[in-house]
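A.B. asks: Could you have a look at this structure, given as structure tokens, before my questions?
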Amino acid sequence: MHYVSWDRADREAPVLLAEEGPDALAKFTHERAELTSGEVWDLVTTPEGGAVATQDGREVVRADGSLRRDKQIPVTVDGSRQYVMVAETSKNWIIDDAAGQKVGQFTSDHNGVRRAILEFEGETQLAPVDIVALAWASRLVLEARKMTNSTALIAFLVLLSVFIVIVWFIGPR
């Protein structure tokens, strides 16, 4: 497998696909993930505080830090395997393992948020749970960053509209 992508036909329950599919790896809602291996994760996400997935009270995945602002986001899988998502630019990210070796990359360019493709370096040797965990964390980062950009754009447009109204009605005649 060279990459994973998301089938967002059901926006409330996107499905993580191996490459373009049809093989599914997991189905996610806001509160749960159902992996094809039979595991079920309970999900808790806060854009400023990170994300945690637990299974029967045991922490399976932890992404620490602000998903909206941090340039490096540590991700721990099964309490022992460490990864770091690193922002190379505002839109392009890489994922390094504990040894500092690049294992994957993702981007918000070219419908990146909609499809949220996570590409792996070569033929990945990652465990399936790590692949699902990193895909989930990368999608959360892309969505959180998109919301920040959208909010800033809306605020700018509101201020611009107020300025135009003031100039139009109050400006010199």
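As shown in the structure tokens, the chain order sets the letters A, B, ...; within each chain, residues go from 1, and ligands are also counted from 1 in the order they appear.
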Could you produce a table of the residues of range 116-139 of chain A lying within 10 Å of range 32-37 of chain A, with the nearest pair of atoms per residue and their separation in Å rounded to one decimal, using only C-alpha atoms, ordered by chain and increasing residue number, as JSON lines?
C.D. replies:
{"residue": "A:Pro128", "atom": "CA", "partner": "A:Ser37", "partner_atom": "CA", "distance": 9.0}
{"residue": "A:Val129", "atom": "CA", "partner": "A:Leu35", "partner_atom": "CA", "distance": 8.6}
{"residue": "A:Val132", "atom": "CA", "partner": "A:Leu35", "partner_atom": "CA", "distance": 8.2}
{"residue": "A:Trp136", "atom": "CA", "partner": "A:Ala33", "partner_atom": "CA", "distance": 9.5}
A.B. asks: Within 12 Å of range 54-67 of chain A, counting only C-alpha atoms, which residues show up once you throw out same-chain ones fewer than 6 positions away? Write them as JSON, numbers by chain, please.
C.D. replies: {"A": [31, 32, 33, 34, 35, 38, 39, 40, 41, 42, 43, 44, 45, 46, 47, 48, 73, 74, 75, 76, 77, 78, 79, 80, 81, 82, 83, 84, 85, 86, 87, 129, 130, 131, 132, 133, 134, 135, 136, 137, 138, 139, 140, 141, 142, 143, 144, 145, 146, 147, 148]}
A.B. asks: Residues of chain A classed as alpha helix (DSSP H) by DSSP on the backbone are to be reported as an mmCIF file with C-alpha atoms, in the first residue's frame.
C.D. replies:
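Final output, selection.cif:
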data_model
loop_
_atom_site.group_PDB
_atom_site.id
_atom_site.type_symbol
_atom_site.label_atom_id
_atom_site.label_comp_id
_atom_site.auth_asym_id
_atom_site.auth_seq_id
_atom_site.Cartn_x
_atom_site.Cartn_y
_atom_site.Cartn_z
ATOM 1 C CA GLY A 112 -6.318 17.722 0.390
ATOM 2 C CA VAL A 113 -8.933 18.267 3.065
ATOM 3 C CA ARG A 114 -11.680 16.570 1.088
ATOM 4 C CA ARG A 115 -9.693 13.427 0.247
ATOM 5 C CA PRO A 128 -2.298 -1.508 10.303
ATOM 6 C CA VAL A 129 -3.221 0.220 13.581
ATOM 7 C CA ASP A 130 -0.418 2.763 12.996
ATOM 8 C CA ILE A 131 -1.663 3.448 9.464
ATOM 9 C CA VAL A 132 -5.207 4.082 10.707
ATOM 10 C CA ALA A 133 -3.943 6.197 13.615
ATOM 11 C CA LEU A 134 -1.735 8.400 11.436
ATOM 12 C CA ALA A 135 -4.462 8.789 8.798
ATOM 13 C CA TRP A 136 -6.958 9.874 11.478
ATOM 14 C CA ALA A 137 -4.503 12.335 13.057
ATOM 15 C CA SER A 138 -3.534 13.816 9.676
ATOM 16 C CA ARG A 139 -7.186 14.304 8.726
ATOM 17 C CA LEU A 140 -7.842 16.058 12.057
ATOM 18 C CA VAL A 141 -4.923 18.426 11.452
ATOM 19 C CA LEU A 142 -6.136 19.285 7.943
ATOM 20 C CA GLU A 143 -9.700 19.904 9.148
ATOM 21 C CA ALA A 144 -8.597 22.041 12.109
ATOM 22 C CA ARG A 145 -6.330 24.170 9.901
ATOM 23 C CA LYS A 146 -9.080 24.597 7.309
ATOM 24 C CA MET A 147 -11.500 25.861 9.982
ATOM 25 C CA THR A 148 -8.921 28.402 11.176
ATOM 26 C CA ASN A 149 -8.398 29.695 7.632
ATOM 27 C CA SER A 150 -12.154 29.865 6.984
ATOM 28 C CA THR A 151 -12.787 31.801 10.197
ATOM 29 C CA ALA A 152 -10.051 34.310 9.368
ATOM 30 C CA LEU A 153 -11.432 34.798 5.853
ATOM 31 C CA ILE A 154 -14.972 35.356 7.147
ATOM 32 C CA ALA A 155 -13.741 37.900 9.717
ATOM 33 C CA PHE A 156 -11.806 39.765 7.020
ATOM 34 C CA LEU A 157 -14.825 39.866 4.704
ATOM 35 C CA VAL A 158 -17.074 41.185 7.491
ATOM 36 C CA LEU A 159 -14.599 43.970 8.299
ATOM 37 C CA LEU A 160 -14.225 44.813 4.616
ATOM 38 C CA SER A 161 -18.016 44.982 4.234
ATOM 39 C CA VAL A 162 -18.321 47.323 7.221
ATOM 40 C CA PHE A 163 -15.600 49.553 5.770
ATOM 41 C CA ILE A 164 -17.316 49.683 2.370
ATOM 42 C CA VAL A 165 -20.670 50.572 3.949
ATOM 43 C CA ILE A 166 -19.062 53.338 6.003
ATOM 44 C CA VAL A 167 -17.231 54.787 2.993
ATOM 45 C CA TRP A 168 -20.323 54.534 0.781
ATOM 46 C CA PHE A 169 -22.786 56.207 3.145
ATOM 47 C CA ILE A 170 -20.588 58.486 5.238
#
A.B. asks: I'd like the interatomic distance between CA of Val4 in chain A and CA of Ile95 in chain A, to a tenth of an Å.
C.D. replies: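 Calculated distance between CA of Val4 in chain A and CA of Ile95 in chain A is 14.0 Å.
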A.B. asks: Residues within 9 Å of Thr29 in chain A, please, as JSON, numbers by chain. Count only C-alpha atoms; anything in the same chain fewer than 6 positions from it doesn't count.
C.D. replies: {"A": [11, 12, 13, 14, 43]}
A.B. asks: Would you please give, as a count of residues only, all residues of chain A that DSSP assigns to strand (DSSP E or B) based on the backbone?
C.D. replies: 66
A.B. asks: Under the rule that only C-alpha atoms are counted, which of A:Glu20, A:His30, A:Ala9, A:Val52 is the nearest residue to Ile117 in chain A?
C.D. replies: A:Glu20
A.B. asks: Would you mind telling me which residue in A:Asp10, A:Lys102, A:Thr107, A:Trp93 lies nearest to Phe120 in chain A when using only C-alpha atoms?
C.D. replies: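 Looking at the shortest contact to Phe120 in chain A, the residue is A:Lys102.
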A.B. asks: Can you work out which one of A:Gly122, A:Gly21, A:Gly49, A:Gly104 has the shortest atom-to-atom distance to Trp6 in chain A, counting only C-alpha atoms?
C.D. replies: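 When distances to Trp6 in chain A are compared using only C-alpha atoms, the smallest one comes from A:Gly21.
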